[in-house]
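Participant: work03.pdb is reproduced below (PDB, C-alpha atoms, pLDDT in the B column).
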ATOM      1  CA  MET A  13      14.860  14.529   0.829  1.00 54.00           C
ATOM      2  CA  ALA A  14      16.759  11.348   0.164  1.00 69.00           C
ATOM      3  CA  ASP A  15      15.867   9.775   3.527  1.00 94.00           C
ATOM      4  CA  GLU A  16      12.166   9.678   2.623  1.00 97.00           C
ATOM      5  CA  ALA A  17      10.023   7.150   0.769  1.00 98.00           C
ATOM      6  CA  LEU A  18       6.498   7.288  -0.582  1.00 98.00           C
ATOM      7  CA  ILE A  19       4.823   3.888  -0.190  1.00 98.00           C
ATOM      8  CA  ILE A  20       1.774   3.437  -2.417  1.00 98.00           C
ATOM      9  CA  VAL A  21      -0.131   0.439  -1.115  1.00 98.00           C
ATOM     10  CA  ASP A  22      -2.036  -1.890  -3.464  1.00 98.00           C
ATOM     11  CA  VAL A  23      -3.561   0.584  -5.935  1.00 98.00           C
ATOM     12  CA  GLN A  24      -4.494  -2.290  -8.234  1.00 98.00           C
ATOM     13  CA  ASN A  25      -7.350  -2.883 -10.644  1.00 98.00           C
ATOM     14  CA  ASP A  26      -9.106  -5.439  -8.439  1.00 98.00           C
ATOM     15  CA  PHE A  27      -9.329  -2.894  -5.593  1.00 98.00           C
ATOM     16  CA  CYS A  28     -10.746  -0.148  -7.832  1.00 98.00           C
ATOM     17  CA  LEU A  29     -14.072   0.424  -9.586  1.00 96.00           C
ATOM     18  CA  GLY A  30     -15.215  -2.739 -11.357  1.00 96.00           C
ATOM     19  CA  GLY A  31     -12.586  -4.897  -9.650  1.00 97.00           C
ATOM     20  CA  ALA A  32     -13.123  -8.208  -7.873  1.00 97.00           C
ATOM     21  CA  LEU A  33     -12.745  -6.563  -4.441  1.00 96.00           C
ATOM     22  CA  ALA A  34     -13.418  -2.905  -5.152  1.00 97.00           C
ATOM     23  CA  VAL A  35     -12.812  -0.495  -2.276  1.00 97.00           C
ATOM     24  CA  PRO A  36     -15.596   2.118  -2.161  1.00 96.00           C
ATOM     25  CA  ASP A  37     -14.307   5.262  -3.901  1.00 96.00           C
ATOM     26  CA  GLY A  38     -10.920   3.557  -4.283  1.00 97.00           C
ATOM     27  CA  ASP A  39     -10.246   5.184  -7.666  1.00 96.00           C
ATOM     28  CA  ALA A  40     -10.288   8.605  -5.987  1.00 98.00           C
ATOM     29  CA  VAL A  41      -6.800   7.996  -4.559  1.00 98.00           C
ATOM     30  CA  VAL A  42      -5.173   7.749  -7.993  1.00 98.00           C
ATOM     31  CA  PRO A  43      -5.006  11.443  -9.012  1.00 98.00           C
ATOM     32  CA  VAL A  44      -3.981  12.432  -5.485  1.00 98.00           C
ATOM     33  CA  LEU A  45      -1.219   9.823  -5.370  1.00 98.00           C
ATOM     34  CA  ASN A  46      -0.017  11.007  -8.779  1.00 98.00           C
ATOM     35  CA  GLN A  47       0.480  14.472  -7.298  1.00 98.00           C
ATOM     36  CA  TYR A  48       2.271  13.054  -4.255  1.00 98.00           C
ATOM     37  CA  ALA A  49       4.524  10.969  -6.523  1.00 97.00           C
ATOM     38  CA  ARG A  50       5.475  14.031  -8.574  1.00 97.00           C
ATOM     39  CA  ARG A  51       6.323  16.015  -5.448  1.00 96.00           C
ATOM     40  CA  PHE A  52       8.304  13.195  -3.880  1.00 96.00           C
ATOM     41  CA  VAL A  53      10.309  12.626  -7.056  1.00 95.00           C
ATOM     42  CA  GLU A  54      11.190  16.343  -7.043  1.00 94.00           C
ATOM     43  CA  ARG A  55      12.368  15.911  -3.440  1.00 92.00           C
ATOM     44  CA  GLY A  56      14.618  13.005  -4.399  1.00 94.00           C
ATOM     45  CA  ALA A  57      12.558  10.497  -2.421  1.00 96.00           C
ATOM     46  CA  LEU A  58      12.236   6.793  -3.154  1.00 97.00           C
ATOM     47  CA  ILE A  59       8.865   5.709  -4.611  1.00 98.00           C
ATOM     48  CA  ILE A  60       7.583   2.228  -3.759  1.00 98.00           C
ATOM     49  CA  ALA A  61       4.412   0.512  -4.973  1.00 98.00           C
ATOM     50  CA  THR A  62       3.181  -2.619  -3.224  1.00 98.00           C
ATOM     51  CA  ARG A  63       0.987  -5.208  -4.914  1.00 98.00           C
ATOM     52  CA  ASP A  64      -1.099  -8.091  -3.707  1.00 98.00           C
ATOM     53  CA  TRP A  65       0.281 -10.955  -5.796  1.00 98.00           C
ATOM     54  CA  HIS A  66      -1.689 -14.057  -4.883  1.00 97.00           C
ATOM     55  CA  PRO A  67      -1.505 -17.528  -6.388  1.00 97.00           C
ATOM     56  CA  ALA A  68      -4.792 -18.891  -7.759  1.00 96.00           C
ATOM     57  CA  GLU A  69      -5.135 -21.091  -4.666  1.00 95.00           C
ATOM     58  CA  THR A  70      -4.415 -19.473  -1.308  1.00 96.00           C
ATOM     59  CA  ARG A  71      -5.894 -19.651   2.173  1.00 95.00           C
ATOM     60  CA  HIS A  72      -6.472 -15.887   1.759  1.00 95.00           C
ATOM     61  CA  PHE A  73      -9.467 -16.603  -0.535  1.00 96.00           C
ATOM     62  CA  LYS A  74     -12.930 -17.648   0.629  1.00 94.00           C
ATOM     63  CA  ASP A  75     -12.819 -20.766  -1.564  1.00 94.00           C
ATOM     64  CA  PHE A  76      -9.856 -22.051   0.474  1.00 94.00           C
ATOM     65  CA  GLY A  77     -10.935 -21.033   3.983  1.00 93.00           C
ATOM     66  CA  GLY A  78     -10.152 -17.306   3.921  1.00 92.00           C
ATOM     67  CA  VAL A  79     -12.257 -14.170   4.129  1.00 91.00           C
ATOM     68  CA  TRP A  80     -11.913 -12.614   0.675  1.00 95.00           C
ATOM     69  CA  PRO A  81     -13.178 -13.304  -2.848  1.00 96.00           C
ATOM     70  CA  VAL A  82     -10.544 -14.176  -5.442  1.00 97.00           C
ATOM     71  CA  HIS A  83      -8.512 -11.034  -6.261  1.00 97.00           C
ATOM     72  CA  CYS A  84      -5.098  -9.879  -7.507  1.00 98.00           C
ATOM     73  CA  VAL A  85      -4.085 -13.270  -8.870  1.00 98.00           C
ATOM     74  CA  GLN A  86      -0.525 -13.241 -10.190  1.00 97.00           C
ATOM     75  CA  GLY A  87      -0.292 -12.233 -13.837  1.00 96.00           C
ATOM     76  CA  THR A  88      -3.924 -11.144 -14.230  1.00 98.00           C
ATOM     77  CA  ILE A  89      -5.240  -7.714 -15.223  1.00 98.00           C
ATOM     78  CA  GLY A  90      -6.819  -7.452 -11.776  1.00 98.00           C
ATOM     79  CA  ALA A  91      -3.380  -7.636 -10.167  1.00 98.00           C
ATOM     80  CA  GLU A  92      -1.918  -4.845 -12.313  1.00 98.00           C
ATOM     81  CA  LEU A  93      -1.429  -1.374 -10.896  1.00 98.00           C
ATOM     82  CA  HIS A  94      -4.236   1.038 -11.836  1.00 98.00           C
ATOM     83  CA  PRO A  95      -3.608   2.222 -15.417  1.00 98.00           C
ATOM     84  CA  SER A  96      -3.986   5.907 -14.460  1.00 98.00           C
ATOM     85  CA  LEU A  97      -1.319   5.698 -11.748  1.00 98.00           C
ATOM     86  CA  ARG A  98       1.634   7.775 -12.981  1.00 97.00           C
ATOM     87  CA  LEU A  99       4.801   6.509 -11.347  1.00 96.00           C
ATOM     88  CA  PRO A 100       8.401   7.191 -12.335  1.00 95.00           C
ATOM     89  CA  ALA A 101      10.420   4.445 -14.025  1.00 94.00           C
ATOM     90  CA  SER A 102      12.564   4.277 -10.885  1.00 95.00           C
ATOM     91  CA  THR A 103       9.609   3.086  -8.772  1.00 97.00           C
ATOM     92  CA  LYS A 104      10.386  -0.066  -6.792  1.00 97.00           C
ATOM     93  CA  VAL A 105       7.506  -2.554  -7.108  1.00 98.00           C
ATOM     94  CA  VAL A 106       7.242  -5.091  -4.296  1.00 98.00           C
ATOM     95  CA  ASP A 107       4.831  -8.030  -4.172  1.00 98.00           C
ATOM     96  CA  LYS A 108       3.179  -9.697  -1.198  1.00 98.00           C
ATOM     97  CA  GLY A 109       0.810 -12.591  -0.636  1.00 96.00           C
ATOM     98  CA  ALA A 110       2.585 -14.955  -3.027  1.00 95.00           C
ATOM     99  CA  ASP A 111       2.831 -17.640  -0.332  1.00 95.00           C
ATOM    100  CA  PRO A 112      -0.453 -19.620  -0.393  1.00 95.00           C
ATOM    101  CA  ASN A 113      -0.187 -20.109   3.378  1.00 94.00           C
ATOM    102  CA  GLU A 114      -0.149 -16.447   4.422  1.00 92.00           C
ATOM    103  CA  ASP A 115      -2.471 -13.465   4.125  1.00 92.00           C
ATOM    104  CA  ALA A 116       0.351 -10.879   3.887  1.00 95.00           C
ATOM    105  CA  TYR A 117      -1.519  -7.633   4.438  1.00 97.00           C
ATOM    106  CA  SER A 118       1.617  -5.630   5.180  1.00 98.00           C
ATOM    107  CA  GLY A 119       3.928  -4.187   2.566  1.00 98.00           C
ATOM    108  CA  PHE A 120       6.713  -5.140   4.977  1.00 98.00           C
ATOM    109  CA  GLN A 121       6.058  -8.748   3.920  1.00 97.00           C
ATOM    110  CA  ALA A 122       6.628  -7.805   0.265  1.00 98.00           C
ATOM    111  CA  LYS A 123       9.684  -8.425  -1.907  1.00 97.00           C
ATOM    112  CA  THR A 124      11.063  -7.169  -5.196  1.00 97.00           C
ATOM    113  CA  ALA A 125      11.245  -9.508  -8.193  1.00 95.00           C
ATOM    114  CA  GLU A 126      14.850 -10.110  -7.131  1.00 96.00           C
ATOM    115  CA  GLY A 127      13.728 -11.240  -3.667  1.00 97.00           C
ATOM    116  CA  VAL A 128      14.759  -8.126  -1.708  1.00 97.00           C
ATOM    117  CA  SER A 129      12.351  -7.391   1.155  1.00 97.00           C
ATOM    118  CA  LEU A 130      10.748  -3.971   1.527  1.00 98.00           C
ATOM    119  CA  PRO A 131      12.579  -3.284   4.816  1.00 97.00           C
ATOM    120  CA  ASP A 132      15.885  -4.046   3.059  1.00 97.00           C
ATOM    121  CA  VAL A 133      14.974  -1.790   0.117  1.00 97.00           C
ATOM    122  CA  LEU A 134      14.314   1.039   2.572  1.00 98.00           C
ATOM    123  CA  ARG A 135      17.551   0.446   4.481  1.00 96.00           C
ATOM    124  CA  ARG A 136      19.618   0.283   1.281  1.00 96.00           C
ATOM    125  CA  HIS A 137      18.295   3.743   0.385  1.00 96.00           C
ATOM    126  CA  SER A 138      18.879   5.109   3.924  1.00 97.00           C
ATOM    127  CA  VAL A 139      15.156   5.812   4.328  1.00 98.00           C
ATOM    128  CA  GLN A 140      14.067   6.911   7.795  1.00 97.00           C
ATOM    129  CA  HIS A 141      10.653   8.438   7.079  1.00 98.00           C
ATOM    130  CA  VAL A 142       7.875   6.762   5.082  1.00 98.00           C
ATOM    131  CA  TYR A 143       4.700   8.381   3.771  1.00 98.00           C
ATOM    132  CA  VAL A 144       1.933   5.836   3.287  1.00 98.00           C
ATOM    133  CA  GLY A 145      -1.226   5.977   1.172  1.00 98.00           C
ATOM    134  CA  GLY A 146      -3.323   3.629  -0.940  1.00 98.00           C
ATOM    135  CA  LEU A 147      -5.808   0.824  -0.416  1.00 98.00           C
ATOM    136  CA  ALA A 148      -7.265  -0.140   1.898  1.00 98.00           C
ATOM    137  CA  THR A 149      -6.937   2.030   5.001  1.00 98.00           C
ATOM    138  CA  ASP A 150      -8.294  -0.600   7.374  1.00 98.00           C
ATOM    139  CA  TYR A 151      -6.222  -3.532   6.060  1.00 97.00           C
ATOM    140  CA  CYS A 152      -3.052  -3.239   3.995  1.00 98.00           C
ATOM    141  CA  VAL A 153      -2.373   0.454   4.659  1.00 98.00           C
ATOM    142  CA  LYS A 154      -2.819  -0.112   8.388  1.00 98.00           C
ATOM    143  CA  ALA A 155      -0.662  -3.252   8.445  1.00 98.00           C
ATOM    144  CA  THR A 156       2.081  -1.526   6.436  1.00 98.00           C
ATOM    145  CA  ALA A 157       2.088   1.587   8.632  1.00 98.00           C
ATOM    146  CA  LEU A 158       2.117  -0.392  11.887  1.00 98.00           C
ATOM    147  CA  ASP A 159       4.964  -2.616  10.675  1.00 98.00           C
ATOM    148  CA  ALA A 160       6.897   0.486   9.620  1.00 98.00           C
ATOM    149  CA  LEU A 161       6.446   1.964  13.101  1.00 98.00           C
ATOM    150  CA  ASN A 162       7.479  -1.330  14.711  1.00 98.00           C
ATOM    151  CA  ALA A 163      10.612  -1.336  12.539  1.00 97.00           C
ATOM    152  CA  GLY A 164      11.573   2.120  13.778  1.00 97.00           C
ATOM    153  CA  PHE A 165      10.571   4.240  10.803  1.00 98.00           C
ATOM    154  CA  ARG A 166       8.871   7.601  11.125  1.00 98.00           C
ATOM    155  CA  VAL A 167       5.447   7.225   9.476  1.00 98.00           C
ATOM    156  CA  THR A 168       3.160   9.839   7.963  1.00 98.00           C
ATOM    157  CA  LEU A 169      -0.296   8.843   6.705  1.00 98.00           C
ATOM    158  CA  LEU A 170      -1.600  10.539   3.563  1.00 98.00           C
ATOM    159  CA  LEU A 171      -5.189  11.031   4.697  1.00 98.00           C
ATOM    160  CA  ASP A 172      -6.436  12.260   1.314  1.00 98.00           C
ATOM    161  CA  ALA A 173      -4.833   9.353  -0.554  1.00 98.00           C
ATOM    162  CA  MET A 174      -6.372   6.339   1.192  1.00 98.00           C
ATOM    163  CA  ARG A 175      -9.790   4.704   1.329  1.00 98.00           C
ATOM    164  CA  GLY A 176     -11.172   1.922   3.521  1.00 97.00           C
ATOM    165  CA  VAL A 177     -13.112  -1.266   2.886  1.00 95.00           C
ATOM    166  CA  ASN A 178     -15.244  -0.689   6.014  1.00 94.00           C
ATOM    167  CA  LEU A 179     -16.604  -4.211   6.421  1.00 91.00           C
ATOM    168  CA  ARG A 180     -17.987  -2.699   9.616  1.00 94.00           C
ATOM    169  CA  PRO A 181     -18.967   0.974   9.614  1.00 93.00           C
ATOM    170  CA  HIS A 182     -16.087   3.266  10.614  1.00 96.00           C
ATOM    171  CA  ASP A 183     -13.361   0.570  10.310  1.00 97.00           C
ATOM    172  CA  ALA A 184     -11.164   3.026   8.407  1.00 97.00           C
ATOM    173  CA  GLU A 185     -11.588   5.731  11.068  1.00 97.00           C
ATOM    174  CA  VAL A 186     -10.755   3.245  13.813  1.00 98.00           C
ATOM    175  CA  ALA A 187      -7.676   2.126  11.840  1.00 98.00           C
ATOM    176  CA  ILE A 188      -6.443   5.722  11.490  1.00 98.00           C
ATOM    177  CA  GLU A 189      -6.971   6.312  15.203  1.00 98.00           C
ATOM    178  CA  GLU A 190      -4.943   3.189  16.005  1.00 98.00           C
ATOM    179  CA  MET A 191      -2.090   4.151  13.672  1.00 98.00           C
ATOM    180  CA  VAL A 192      -1.934   7.656  15.179  1.00 98.00           C
ATOM    181  CA  ARG A 193      -2.086   6.260  18.713  1.00 98.00           C
ATOM    182  CA  ARG A 194       0.881   4.039  17.845  1.00 98.00           C
ATOM    183  CA  GLY A 195       2.899   7.035  16.602  1.00 98.00           C
ATOM    184  CA  ALA A 196       1.956   7.807  13.011  1.00 98.00           C
ATOM    185  CA  GLU A 197       1.650  11.416  11.905  1.00 98.00           C
ATOM    186  CA  VAL A 198      -0.951  12.601   9.380  1.00 98.00           C
ATOM    187  CA  THR A 199      -0.881  15.014   6.478  1.00 98.00           C
ATOM    188  CA  THR A 200      -2.652  16.003   3.259  1.00 98.00           C
ATOM    189  CA  LEU A 201      -1.424  17.168  -0.124  1.00 96.00           C
ATOM    190  CA  GLU A 202      -1.836  20.839   0.697  1.00 94.00           C
ATOM    191  CA  ARG A 203       0.634  20.466   3.585  1.00 94.00           C
ATOM    192  CA  VAL A 204       3.315  18.552   1.657  1.00 88.00           C
ATOM    193  CA  ARG A 205       5.737  20.738  -0.285  1.00 76.00           C
TER     194      ARG A 205
END
Kindly return the structure encoded in the file as structure tokens.
Facilitator:
Amino acid sequence: MADEALIIVDVQNDFCLGGALAVPDGDAVVPVLNQYARRFVERGALIIATRDWHPAETRHFKDFGGVWPVHCVQGTIGAELHPSLRLPASTKVVDKGADPNEDAYSGFQAKTAEGVSLPDVLRRHSVQHVYVGGLATDYCVKATALDALNAGFRVTLLLDAMRGVNLRPHDAEVAIEEMVRRGAEVTTLERVR
């Protein structure tokens, strides 16, 4: 349906196997997201891919007072979308974290290369319902889903297409519980037609 969007959050090389900030089992989301993308294209839905797109120096990185090792630096292989991710040419790519003074976990802080914010992209396509999957459940997926709910969108989490960092055990489970408590629905590939 044309009022839907699939938001694929940060499925980038640095968050996958061998990356600078690899999410455990992060690569496992790629084939599942490819199937979701195919189904959503058939439904006429908008496909969006978010990317962390950090400058080399940002307060987000440990070296400059942040929490995280250097990752997804603009223009590097680590910042590229996973090479096995199969997205249509019409996919809207939006980047976040380019400001060295912000962490920007949420896709709702992202913009297209032309400077259009993700919320504006969604509104321009009359999207009312977003389906969210990707990396990582307990950070950027959670922030994106909560911001979508706060902005009045219907949100469905793709439980089989997300993985968590789990800095503390069960962080991803706690994040899912919070998103559901705030109004998100959940689904899996077998339930999406």
Participant: With distances taken over all atoms listed in the file, which residue among A:Thr199, A:Gln24, A:Gln47, A:Thr70 lies nearest Glu114 (chain A)?
Facilitator: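 Looking only at the distances to Glu114 (chain A), the closest residue turns out to be A:Thr70.
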Participant: In terms of the shortest atom-to-atom distance over all atoms listed in the file, which of A:Ala49, A:Ile60, A:Val144, A:Val41 is closest to Ala122 (chain A)?
Facilitator: A:Ile60
Participant: Evaluate the PyMOL selection byres ((chain A and resi 159-170) around 9) here and jot the selected residues down as a PyMOL selection string.
Facilitator: chain A and resi 45+118-120+131+139-146+153-158+171-174+188+191-192+194-201
Participant: Taking the file as shown, what set of residues would the PyMOL selection byres ((chain A and resi 82) around 10) give back, as a short mmCIF file (atom, residue, chain, number, x, y, z; two decimals) with C-alpha atoms, keeping the file's coordinate frame?
Facilitator:
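The file below, expr30.cif, is the result:
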data_model
loop_
_atom_site.label_atom_id
_atom_site.label_comp_id
_atom_site.auth_asym_id
_atom_site.auth_seq_id
_atom_site.Cartn_x
_atom_site.Cartn_y
_atom_site.Cartn_z
CA ASP A 26 -9.11 -5.44 -8.44
CA ALA A 32 -13.12 -8.21 -7.87
CA LEU A 33 -12.74 -6.56 -4.44
CA HIS A 66 -1.69 -14.06 -4.88
CA PRO A 67 -1.50 -17.53 -6.39
CA ALA A 68 -4.79 -18.89 -7.76
CA GLU A 69 -5.14 -21.09 -4.67
CA THR A 70 -4.42 -19.47 -1.31
CA HIS A 72 -6.47 -15.89 1.76
CA PHE A 73 -9.47 -16.60 -0.54
CA LYS A 74 -12.93 -17.65 0.63
CA ASP A 75 -12.82 -20.77 -1.56
CA PHE A 76 -9.86 -22.05 0.47
CA GLY A 78 -10.15 -17.31 3.92
CA VAL A 79 -12.26 -14.17 4.13
CA TRP A 80 -11.91 -12.61 0.68
CA PRO A 81 -13.18 -13.30 -2.85
CA HIS A 83 -8.51 -11.03 -6.26
CA CYS A 84 -5.10 -9.88 -7.51
CA VAL A 85 -4.08 -13.27 -8.87
CA GLY A 90 -6.82 -7.45 -11.78
#
Participant: What is the CA of Cys152 (chain A)-CA of Arg135 (chain A) distance in Å, reported with one decimal?
Facilitator: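 Answer for the CA of Cys152 (chain A) to CA of Arg135 (chain A) separation: 20.9 Å.
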Participant: If you measure from CA of Pro36 (chain A) to CA of Glu92 (chain A), what distance in Å do you get, rounded to one decimal?
Facilitator: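 Result for CA of Pro36 (chain A) versus CA of Glu92 (chain A): 18.4 Å, one decimal.
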Participant: Anything within 8 Å of (2.4, -2.2, -2.3): list those residues as a VMD selection string, counting all atoms listed in the file and sticking to the file's coordinates.
Facilitator: chain A and resid 19 to 23 60 to 64 105 to 108 119 122
